[in-house]
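This is structure_38.cif. It holds mmCIF, C-alpha atoms.
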data_protein
loop_
_atom_site.label_atom_id
_atom_site.label_comp_id
_atom_site.auth_asym_id
_atom_site.auth_seq_id
_atom_site.Cartn_x
_atom_site.Cartn_y
_atom_site.Cartn_z
CA MET E 19 45.03 16.62 -45.58
CA LYS E 20 42.02 18.94 -45.63
CA ALA E 21 38.45 18.40 -44.45
CA VAL E 22 35.23 20.37 -44.68
CA HIS E 23 32.96 19.62 -41.76
CA PHE E 24 29.30 20.66 -41.95
CA GLY E 25 28.00 21.55 -38.50
CA ALA E 26 30.02 23.65 -36.05
CA GLY E 27 27.77 22.85 -33.09
CA ASN E 28 28.83 21.02 -29.96
CA ILE E 29 29.04 17.59 -31.63
CA GLY E 30 30.91 18.98 -34.63
CA ARG E 31 33.47 20.78 -32.50
CA GLY E 32 33.66 18.35 -29.60
CA PHE E 33 33.70 15.08 -31.51
CA ILE E 34 34.42 14.89 -35.24
CA GLY E 35 36.24 18.21 -35.54
CA LYS E 36 38.46 17.31 -32.60
CA VAL E 37 39.26 13.82 -33.90
CA LEU E 38 40.21 15.25 -37.29
CA SER E 39 42.27 18.09 -35.86
CA ASP E 40 44.06 15.73 -33.46
CA ALA E 41 45.04 13.70 -36.55
CA ASN E 42 46.59 16.83 -38.12
CA VAL E 43 43.76 17.30 -40.60
CA ALA E 44 43.12 20.95 -41.46
CA VAL E 45 39.43 21.42 -40.64
CA THR E 46 37.14 24.04 -42.12
CA PHE E 47 33.78 24.13 -40.35
CA ALA E 48 30.72 25.08 -42.42
CA ASP E 49 27.70 26.43 -40.57
CA VAL E 50 24.88 28.96 -40.94
CA ASP E 51 25.40 30.45 -37.45
CA ALA E 52 27.17 33.67 -38.45
CA PRO E 53 28.51 34.68 -34.99
CA LEU E 54 29.84 31.15 -34.45
CA VAL E 55 31.49 31.12 -37.87
CA ASP E 56 33.01 34.56 -37.27
CA GLN E 57 34.51 33.57 -33.93
CA LEU E 58 35.87 30.26 -35.21
CA SER E 59 37.45 31.89 -38.24
CA HIS E 60 38.92 34.64 -36.03
CA ASP E 61 40.21 32.46 -33.16
CA GLN E 62 41.08 29.39 -35.26
CA SER E 63 41.06 27.36 -32.05
CA TYR E 64 38.73 26.34 -29.22
CA LYS E 65 38.79 24.40 -25.97
CA VAL E 66 37.28 20.95 -25.37
CA LYS E 67 36.71 19.80 -21.79
CA VAL E 68 37.03 16.01 -21.77
CA VAL E 69 35.42 14.40 -18.72
CA GLY E 70 35.60 10.83 -17.51
CA THR E 71 37.33 9.37 -14.48
CA LYS E 72 39.39 12.54 -14.67
CA CYS E 73 38.92 15.89 -16.40
CA GLN E 74 41.23 17.61 -18.84
CA VAL E 75 40.95 20.58 -21.17
CA ASP E 76 42.35 20.16 -24.68
CA THR E 77 42.83 22.95 -27.19
CA VAL E 78 41.86 22.25 -30.79
CA THR E 79 43.94 24.34 -33.19
CA HIS E 80 44.42 25.00 -36.91
CA VAL E 81 40.71 25.21 -37.65
CA THR E 82 38.68 27.81 -39.47
CA ALA E 83 35.08 28.28 -40.57
CA VAL E 84 32.93 29.48 -43.47
CA ASN E 85 29.24 30.17 -43.82
CA SER E 86 27.64 27.07 -45.34
CA ALA E 87 25.23 29.26 -47.34
CA SER E 88 28.08 31.18 -49.02
CA GLN E 89 30.26 30.62 -52.05
CA ASP E 90 33.18 30.09 -49.68
CA VAL E 91 32.05 26.57 -48.81
CA ILE E 92 31.85 25.69 -52.52
CA GLU E 93 35.47 26.80 -52.93
CA GLN E 94 36.45 24.61 -50.00
CA ILE E 95 34.73 21.54 -51.48
CA ILE E 96 36.62 22.03 -54.75
CA HIS E 97 39.97 21.49 -53.01
CA THR E 98 39.20 19.34 -49.95
CA ASP E 99 40.08 15.67 -49.37
CA LEU E 100 37.23 14.81 -47.00
CA VAL E 101 33.71 16.04 -46.20
CA THR E 102 32.08 15.15 -42.89
CA THR E 103 28.81 16.18 -41.29
CA ALA E 104 27.28 16.47 -37.82
CA VAL E 105 24.15 18.47 -38.58
CA GLY E 106 21.32 16.18 -37.49
CA PRO E 107 19.34 13.89 -39.81
CA ASN E 108 16.81 16.58 -40.74
CA VAL E 109 19.49 18.93 -42.06
CA LEU E 110 21.23 16.40 -44.30
CA ASP E 111 18.68 16.98 -47.05
CA ILE E 112 19.34 20.73 -46.86
CA ILE E 113 23.11 20.53 -47.21
CA ALA E 114 22.83 17.94 -50.01
CA LYS E 115 22.28 20.70 -52.57
CA THR E 116 25.36 22.56 -51.35
CA ILE E 117 27.46 19.41 -51.60
CA ALA E 118 26.12 18.72 -55.10
CA THR E 119 27.04 22.26 -56.16
CA GLY E 120 30.50 21.82 -54.67
CA LEU E 121 30.99 18.56 -56.55
CA THR E 122 29.91 20.20 -59.80
CA HIS E 123 32.48 22.98 -59.38
CA ARG E 124 35.10 20.43 -58.31
CA PHE E 125 34.61 18.37 -61.46
CA GLU E 126 34.51 21.49 -63.66
CA ALA E 127 37.78 22.65 -62.10
CA GLY E 128 39.38 19.38 -63.21
CA ASN E 129 39.97 17.99 -59.71
CA ASN E 130 39.98 14.24 -60.27
CA ARG E 131 41.35 13.28 -56.86
CA PRO E 132 39.16 10.95 -54.78
CA LEU E 133 36.85 12.61 -52.26
CA ASN E 134 35.18 10.79 -49.38
CA ILE E 135 32.03 12.02 -47.68
CA ILE E 136 31.03 10.72 -44.23
CA ALA E 137 27.77 11.66 -42.52
CA CYS E 138 28.34 11.31 -38.77
CA GLU E 139 24.71 11.28 -37.67
CA ASN E 140 22.48 9.30 -35.35
CA MET E 141 20.81 7.44 -38.18
CA VAL E 142 21.21 4.13 -39.94
CA ARG E 143 23.18 4.44 -43.22
CA GLY E 144 23.02 8.22 -43.05
CA THR E 145 25.65 8.72 -45.74
CA THR E 146 23.78 6.45 -48.14
CA HIS E 147 20.72 8.63 -47.55
CA LEU E 148 22.81 11.75 -48.15
CA LYS E 149 24.13 10.29 -51.42
CA THR E 150 20.58 9.82 -52.69
CA GLN E 151 19.81 13.45 -51.91
CA VAL E 152 23.07 14.74 -53.44
CA TYR E 153 22.45 12.86 -56.70
CA GLN E 154 19.00 14.43 -56.95
CA HIS E 155 20.70 17.84 -57.12
CA LEU E 156 23.70 16.74 -59.19
CA ASN E 157 23.35 16.99 -62.96
CA ALA E 158 23.16 13.48 -64.44
CA ILE E 159 26.17 14.24 -66.66
CA TYR E 160 28.31 14.08 -63.50
CA HIS E 161 26.88 10.90 -61.99
CA ASP E 162 29.42 8.56 -63.57
CA GLN E 163 32.27 10.81 -62.47
CA ALA E 164 30.87 10.93 -58.94
CA ASP E 165 30.49 7.14 -58.93
CA GLU E 166 34.17 6.83 -59.81
CA LEU E 167 35.67 9.53 -57.59
CA VAL E 168 33.36 10.17 -54.62
CA GLY E 169 33.03 7.70 -51.77
CA PHE E 170 29.90 8.00 -49.67
CA VAL E 171 31.01 6.25 -46.50
CA ASP E 172 28.50 5.16 -43.88
CA SER E 173 29.51 5.40 -40.23
CA ALA E 174 28.48 4.74 -36.66
CA VAL E 175 29.27 7.45 -34.11
CA ASP E 176 29.05 7.40 -30.34
CA ARG E 177 29.95 10.18 -27.92
CA ILE E 178 27.78 12.04 -25.41
CA VAL E 179 28.09 15.79 -26.00
CA PRO E 180 25.74 17.81 -23.79
CA PRO E 181 25.26 21.58 -24.10
CA SER E 182 28.30 23.49 -22.87
CA GLU E 183 28.11 25.31 -19.55
CA ALA E 184 31.07 27.62 -20.26
CA ALA E 185 29.37 31.00 -19.90
CA ASN E 186 32.38 33.11 -20.91
CA ASP E 187 33.50 31.11 -23.94
CA PRO E 188 30.84 30.16 -26.50
CA LEU E 189 33.31 27.95 -28.38
CA GLU E 190 34.23 25.74 -25.43
CA VAL E 191 32.48 22.37 -25.44
CA THR E 192 32.28 19.51 -22.94
CA VAL E 193 32.46 15.88 -24.05
CA GLU E 194 32.76 12.52 -22.34
CA SER E 195 36.09 10.73 -22.64
CA PHE E 196 34.53 7.75 -24.46
CA SER E 197 34.17 8.07 -28.22
CA GLU E 198 33.63 5.65 -31.08
CA TRP E 199 33.66 6.47 -34.81
CA ILE E 200 33.43 3.40 -37.03
CA VAL E 201 33.33 3.62 -40.83
CA ASP E 202 32.56 1.18 -43.64
CA GLN E 203 35.94 0.46 -45.23
CA GLN E 204 34.29 -0.94 -48.36
CA GLN E 205 32.84 2.42 -49.41
CA PHE E 206 35.98 4.57 -49.62
CA LYS E 207 37.42 5.83 -52.89
CA GLY E 208 41.21 5.90 -53.05
CA ASP E 209 43.27 5.30 -49.94
CA ILE E 210 41.52 5.13 -46.58
CA PRO E 211 42.88 8.04 -44.53
CA ALA E 212 44.75 7.02 -41.38
CA ILE E 213 42.89 8.97 -38.71
CA GLU E 214 43.39 7.95 -35.10
CA GLY E 215 39.95 7.69 -33.51
CA MET E 216 38.28 6.56 -36.77
CA GLU E 217 38.02 2.77 -36.96
CA THR E 218 37.25 0.78 -40.10
CA THR E 219 35.13 -2.34 -40.44
CA ASP E 220 33.70 -4.54 -43.17
CA ASN E 221 30.57 -5.23 -41.07
CA LEU E 222 29.30 -1.77 -40.23
CA MET E 223 25.67 -2.68 -39.60
CA ALA E 224 26.65 -4.79 -36.61
CA PHE E 225 28.18 -1.70 -34.97
CA VAL E 226 25.45 0.67 -36.17
CA GLU E 227 22.80 -1.49 -34.54
CA ARG E 228 24.91 -2.21 -31.46
CA LYS E 229 25.11 1.52 -30.80
CA LEU E 230 21.49 2.20 -31.78
CA PHE E 231 20.07 -0.68 -29.72
CA THR E 232 22.24 -0.02 -26.67
CA LEU E 233 23.43 3.56 -26.23
CA ASN E 234 20.50 5.20 -28.05
CA THR E 235 17.84 2.83 -26.72
CA GLY E 236 19.10 3.10 -23.16
CA HIS E 237 19.54 6.87 -23.39
CA ILE E 238 16.01 7.55 -24.62
CA ILE E 239 14.32 5.16 -22.19
CA THR E 240 16.29 6.75 -19.34
CA ALA E 241 15.01 10.14 -20.50
CA TYR E 242 11.35 9.17 -20.82
CA LEU E 243 11.21 7.20 -17.57
CA GLY E 244 13.14 10.00 -15.89
CA ALA E 245 10.69 12.60 -17.17
CA LEU E 246 7.79 10.63 -15.72
CA LYS E 247 9.41 10.80 -12.27
CA GLY E 248 10.36 14.47 -12.53
CA HIS E 249 14.12 14.05 -12.92
CA GLU E 250 16.00 16.84 -14.70
CA THR E 251 19.11 15.06 -15.96
CA ILE E 252 20.11 11.66 -17.31
CA ARG E 253 22.43 11.19 -14.35
CA ASP E 254 19.62 11.90 -11.88
CA ALA E 255 17.41 9.39 -13.68
CA ILE E 256 19.95 6.58 -13.98
CA GLU E 257 20.86 6.93 -10.31
CA ASP E 258 17.21 6.15 -9.51
CA GLY E 259 17.49 2.42 -8.78
CA GLU E 260 14.09 1.56 -10.26
CA ILE E 261 14.83 3.36 -13.52
CA ARG E 262 18.34 1.92 -13.78
CA ALA E 263 17.03 -1.62 -13.42
CA GLN E 264 14.39 -1.08 -16.11
CA VAL E 265 16.81 0.61 -18.52
CA LYS E 266 19.32 -2.20 -18.04
CA ALA E 267 16.60 -4.78 -18.67
CA ALA E 268 15.53 -2.97 -21.87
CA MET E 269 19.12 -2.93 -23.14
CA GLU E 270 19.42 -6.63 -22.36
CA GLU E 271 16.26 -7.27 -24.41
CA SER E 272 17.66 -5.32 -27.37
CA GLY E 273 21.04 -6.96 -26.76
CA GLU E 274 19.53 -10.40 -27.19
CA VAL E 275 18.54 -9.35 -30.72
CA LEU E 276 22.13 -8.24 -31.43
CA ILE E 277 23.59 -11.46 -30.06
CA ARG E 278 21.33 -13.58 -32.26
CA ARG E 279 21.67 -11.39 -35.35
CA TYR E 280 25.40 -10.69 -35.33
CA GLY E 281 26.89 -13.27 -33.00
CA PHE E 282 28.19 -10.81 -30.42
CA ASP E 283 29.77 -12.49 -27.41
CA ARG E 284 27.18 -12.48 -24.62
CA GLN E 285 29.59 -11.62 -21.80
CA LEU E 286 31.31 -8.89 -23.78
CA HIS E 287 27.97 -7.36 -24.70
CA GLN E 288 26.87 -7.41 -21.07
CA ALA E 289 30.07 -5.54 -20.22
CA TYR E 290 29.24 -3.02 -22.98
CA ILE E 291 25.82 -2.45 -21.39
CA GLU E 292 27.42 -1.87 -17.99
CA LYS E 293 29.89 0.58 -19.53
CA ILE E 294 27.05 2.57 -21.05
CA LEU E 295 25.15 2.66 -17.75
CA GLY E 296 28.33 4.07 -16.21
CA ARG E 297 28.53 6.71 -18.93
CA PHE E 298 24.97 7.82 -18.18
CA ALA E 299 26.00 8.32 -14.54
CA ASN E 300 29.08 10.43 -15.37
CA PRO E 301 29.14 13.04 -12.55
CA HIS E 302 30.91 15.57 -14.77
CA LEU E 303 28.18 15.67 -17.44
CA ARG E 304 24.95 17.59 -17.01
CA ASP E 305 22.84 16.01 -19.74
CA GLU E 306 19.30 17.39 -19.59
CA ILE E 307 16.33 15.03 -19.93
CA ASP E 308 14.76 17.38 -22.48
CA ARG E 309 17.88 17.40 -24.67
CA VAL E 310 17.77 13.62 -24.96
CA GLY E 311 13.98 13.29 -25.10
CA ARG E 312 13.28 15.94 -27.74
CA GLN E 313 11.86 15.03 -31.15
CA PRO E 314 9.96 11.95 -29.95
CA ILE E 315 8.30 11.41 -33.33
CA ARG E 316 11.67 10.89 -35.00
CA LYS E 317 12.79 8.61 -32.19
CA LEU E 318 9.62 6.51 -32.54
CA GLY E 319 10.34 5.87 -36.21
CA ALA E 320 10.38 2.30 -37.52
CA ASN E 321 14.16 2.36 -38.04
CA ASP E 322 15.05 4.19 -34.85
CA ARG E 323 16.03 3.35 -31.27
CA LEU E 324 12.73 2.12 -29.84
CA ILE E 325 10.77 0.41 -32.59
CA LYS E 326 13.65 -1.22 -34.49
CA PRO E 327 14.89 -3.26 -31.50
CA LEU E 328 11.27 -4.14 -30.68
CA LEU E 329 10.83 -5.49 -34.21
CA GLY E 330 13.98 -7.53 -33.65
CA THR E 331 12.46 -9.14 -30.56
CA LEU E 332 9.42 -10.07 -32.65
CA GLU E 333 11.69 -11.53 -35.34
CA TYR E 334 13.52 -13.76 -32.86
CA GLY E 335 10.65 -14.36 -30.44
CA THR E 336 12.52 -12.89 -27.48
CA GLY E 337 11.43 -10.82 -24.47
CA ASN E 338 10.43 -7.18 -24.85
CA VAL E 339 8.58 -6.14 -21.66
CA TYR E 340 10.88 -3.20 -20.90
CA LEU E 341 11.19 -2.06 -24.50
CA LEU E 342 7.39 -1.87 -24.59
CA LYS E 343 7.46 0.20 -21.39
CA GLY E 344 10.00 2.57 -22.94
CA ILE E 345 7.75 3.04 -25.97
CA ALA E 346 4.73 3.67 -23.75
CA ALA E 347 6.73 6.23 -21.78
CA ALA E 348 7.61 8.05 -25.02
CA PHE E 349 3.92 8.78 -25.54
CA LYS E 350 3.79 10.29 -22.05
CA TYR E 351 6.59 12.75 -22.83
CA VAL E 352 5.44 16.37 -22.56
CA ASN E 353 7.60 19.29 -23.65
CA ASP E 354 5.89 22.55 -24.58
CA ASP E 355 9.07 23.77 -26.29
CA ASP E 356 9.31 20.82 -28.67
CA LEU E 357 7.07 20.80 -31.75
CA GLN E 358 7.17 17.03 -32.13
CA ALA E 359 6.20 16.47 -28.50
CA ILE E 360 3.30 18.90 -28.94
CA GLU E 361 2.17 17.15 -32.14
CA LEU E 362 2.34 13.74 -30.47
CA GLN E 363 0.22 14.87 -27.52
CA GLN E 364 -2.32 16.46 -29.87
CA SER E 365 -2.60 13.22 -31.82
CA LEU E 366 -3.11 11.25 -28.61
CA GLY E 367 -5.91 13.61 -27.62
CA ASP E 368 -7.56 13.42 -31.04
CA LYS E 369 -7.05 9.77 -32.00
CA GLY E 370 -6.08 7.85 -28.89
CA LEU E 371 -3.00 5.77 -28.19
CA ARG E 372 -3.28 2.89 -30.63
CA ALA E 373 -4.15 4.98 -33.69
CA THR E 374 -1.34 7.39 -32.85
CA LEU E 375 1.05 4.50 -32.30
CA ALA E 376 0.15 3.03 -35.68
CA HIS E 377 0.58 6.37 -37.44
CA TYR E 378 4.02 7.20 -36.07
CA THR E 379 5.60 3.75 -35.59
CA GLY E 380 4.00 1.52 -38.19
CA LEU E 381 2.87 -0.99 -35.55
CA ALA E 382 -0.63 -2.19 -36.43
CA ALA E 383 -3.24 -0.73 -34.09
CA ASP E 384 -4.77 -4.17 -33.52
CA SER E 385 -1.46 -5.95 -32.96
CA GLU E 386 -0.66 -7.68 -29.70
CA GLU E 387 2.23 -5.27 -29.14
CA ALA E 388 -0.04 -2.23 -29.57
CA LYS E 389 -2.47 -3.64 -27.02
CA ARG E 390 0.34 -4.29 -24.55
CA ILE E 391 1.79 -0.79 -25.05
CA GLU E 392 -1.67 0.70 -24.48
CA ALA E 393 -2.09 -1.28 -21.24
CA ILE E 394 1.29 -0.06 -19.99
CA PHE E 395 0.54 3.52 -21.09
CA LEU E 396 -2.71 3.60 -19.15
CA ASN E 397 -0.90 2.53 -15.98
CA LEU E 398 2.06 4.90 -16.18
#
Kindly transcribe the structure held in the file into structure tokens.
Amino acid sequence: MKAVHFGAGNIGRGFIGKVLSDANVAVTFADVDAPLVDQLSHDQSYKVKVVGTKCQVDTVTHVTAVNSASQDVIEQIIHTDLVTTAVGPNVLDIIAKTIATGLTHRFEAGNNRPLNIIACENMVRGTTHLKTQVYQHLNAIYHDQADELVGFVDSAVDRIVPPSEAANDPLEVTVESFSEWIVDQQQFKGDIPAIEGMETTDNLMAFVERKLFTLNTGHIITAYLGALKGHETIRDAIEDGEIRAQVKAAMEESGEVLIRRYGFDRQLHQAYIEKILGRFANPHLRDEIDRVGRQPIRKLGANDRLIKPLLGTLEYGTGNVYLLKGIAAAFKYVNDDDLQAIELQQSLGDKGLRATLAHYTGLAADSEEAKRIEAIFLNL
């Protein structure tokens, strides 16, 4: 089995690429980073340091790479069995044209085997979004053929992959031992590939929101509260007893939404929260506050990790004190190297908190929640 994976960065190599390679899938990475592509195609292997209660170094083999802006990636799409991505939500729209071109050449070459495409991104229904973009670039004469042969499979992914600290090997990547890759079994075309480490479900949204409302919500609130107290890493922040208690409380607020919406077992979900808190404190991971906190505008979106669980608490009439504090802390985040953080601070200076909140989150400026966030913001 062959796969083309867009995105040869740390997540691509350390998570999806490794899972596929471990399952004996021949992986071709596609990326625009020419030196990275050259080294991957030359070495055809790389090391992954897996850290948890113990540390081990695995070697991923039988991989290669092509430049995603070249004709080579089109040739790969013609013959591949699977396309996956780990490029970040903002880049999906860019690679959509390349995928559409690859599909066109695939159909013209007479390849009528099923092809499944899975976007492995931190976004809700990312593959469905990618499909919309691909079809915009795909000639309408091929839409029926794509509907029949190409599965756009949504997924939920969860693994912490911080920047690598291996100074002498740019391909080596560090990952936590925990990983979760869940896919919507109803969206595949043809047989579902048997890939150890990729789980199937017929209720994907439950797992998408469980991850978004717990791992992502807890991670970002840890980052923003940690930044306010001058911590440098997620571990430093979560080992601050005050922050840990508030992050845990926020995840319990978002968890109440999940329990009511999807019927998750309360005790099992509490154990999931505790497991995530333990992951944040992993002594072998140096996960910088600014890596997690970057792009605050995206993370304040209506369907993202702060506002979406808050809206759930409003839907069910449940507590949200600590979610509100996390949102307020997001507006305090300062990072002169992050364009979104700069834009957010400029908007606060020009328009004030409630107008800025309304613009970026969709929460009405005169809503009770906006007033409460403003009160918390002014006291942080």
| request: Can you pull out every residue within 12 Å of Thr71 of chain E, counting all atoms listed in the file, but drop anything in the same chain fewer than 6 positions away, and send it as a count of residues only? | output: 10
| note | Between atom CA of Arg372 of chain E and atom CA of Gly335 of chain E lies a distance of 22.2 Å
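Reported to one decimal place, the separation of atom CA of Ala21 of chain E from atom CA of Lys149 of chain E is 17.9 Å.
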| said: List the spatial neighbours of segment 87-93 of chain E as a PyMOL selection string - criterion: any atom at most 7 Å away, all atoms listed in the file, same-chain residues fewer than 5 positions off excluded. | reply: chain E and resi 48+50+119-120
Check which residues satisfy the PyMOL selection byres ((chain E and resi 231) around 10) in the file shown, then give them as an mmCIF file with C-alpha atoms, keeping the file's coordinate frame.
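Written out: selection13.cif:
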data_model
loop_
_atom_site.group_PDB
_atom_site.id
_atom_site.type_symbol
_atom_site.label_atom_id
_atom_site.label_comp_id
_atom_site.auth_asym_id
_atom_site.auth_seq_id
_atom_site.Cartn_x
_atom_site.Cartn_y
_atom_site.Cartn_z
ATOM 1 C CA PHE E 225 28.180 -1.700 -34.970
ATOM 2 C CA VAL E 226 25.450 0.670 -36.170
ATOM 3 C CA GLU E 227 22.800 -1.490 -34.540
ATOM 4 C CA ARG E 228 24.910 -2.210 -31.460
ATOM 5 C CA LYS E 229 25.110 1.520 -30.800
ATOM 6 C CA LEU E 230 21.490 2.200 -31.780
ATOM 7 C CA THR E 232 22.240 -0.020 -26.670
ATOM 8 C CA LEU E 233 23.430 3.560 -26.230
ATOM 9 C CA ASN E 234 20.500 5.200 -28.050
ATOM 10 C CA THR E 235 17.840 2.830 -26.720
ATOM 11 C CA GLY E 236 19.100 3.100 -23.160
ATOM 12 C CA HIS E 237 19.540 6.870 -23.390
ATOM 13 C CA ALA E 268 15.530 -2.970 -21.870
ATOM 14 C CA MET E 269 19.120 -2.930 -23.140
ATOM 15 C CA GLU E 270 19.420 -6.630 -22.360
ATOM 16 C CA GLU E 271 16.260 -7.270 -24.410
ATOM 17 C CA SER E 272 17.660 -5.320 -27.370
ATOM 18 C CA GLY E 273 21.040 -6.960 -26.760
ATOM 19 C CA VAL E 275 18.540 -9.350 -30.720
ATOM 20 C CA LEU E 276 22.130 -8.240 -31.430
ATOM 21 C CA ASP E 322 15.050 4.190 -34.850
ATOM 22 C CA ARG E 323 16.030 3.350 -31.270
ATOM 23 C CA LEU E 324 12.730 2.120 -29.840
ATOM 24 C CA ILE E 325 10.770 0.410 -32.590
ATOM 25 C CA LYS E 326 13.650 -1.220 -34.490
ATOM 26 C CA PRO E 327 14.890 -3.260 -31.500
ATOM 27 C CA LEU E 328 11.270 -4.140 -30.680
ATOM 28 C CA GLY E 330 13.980 -7.530 -33.650
#
| task | Enumerate, as a count of residues only, the residues matched when the PyMOL selection byres ((chain E and resi 264) around 10) is run on the file above. | result | 21
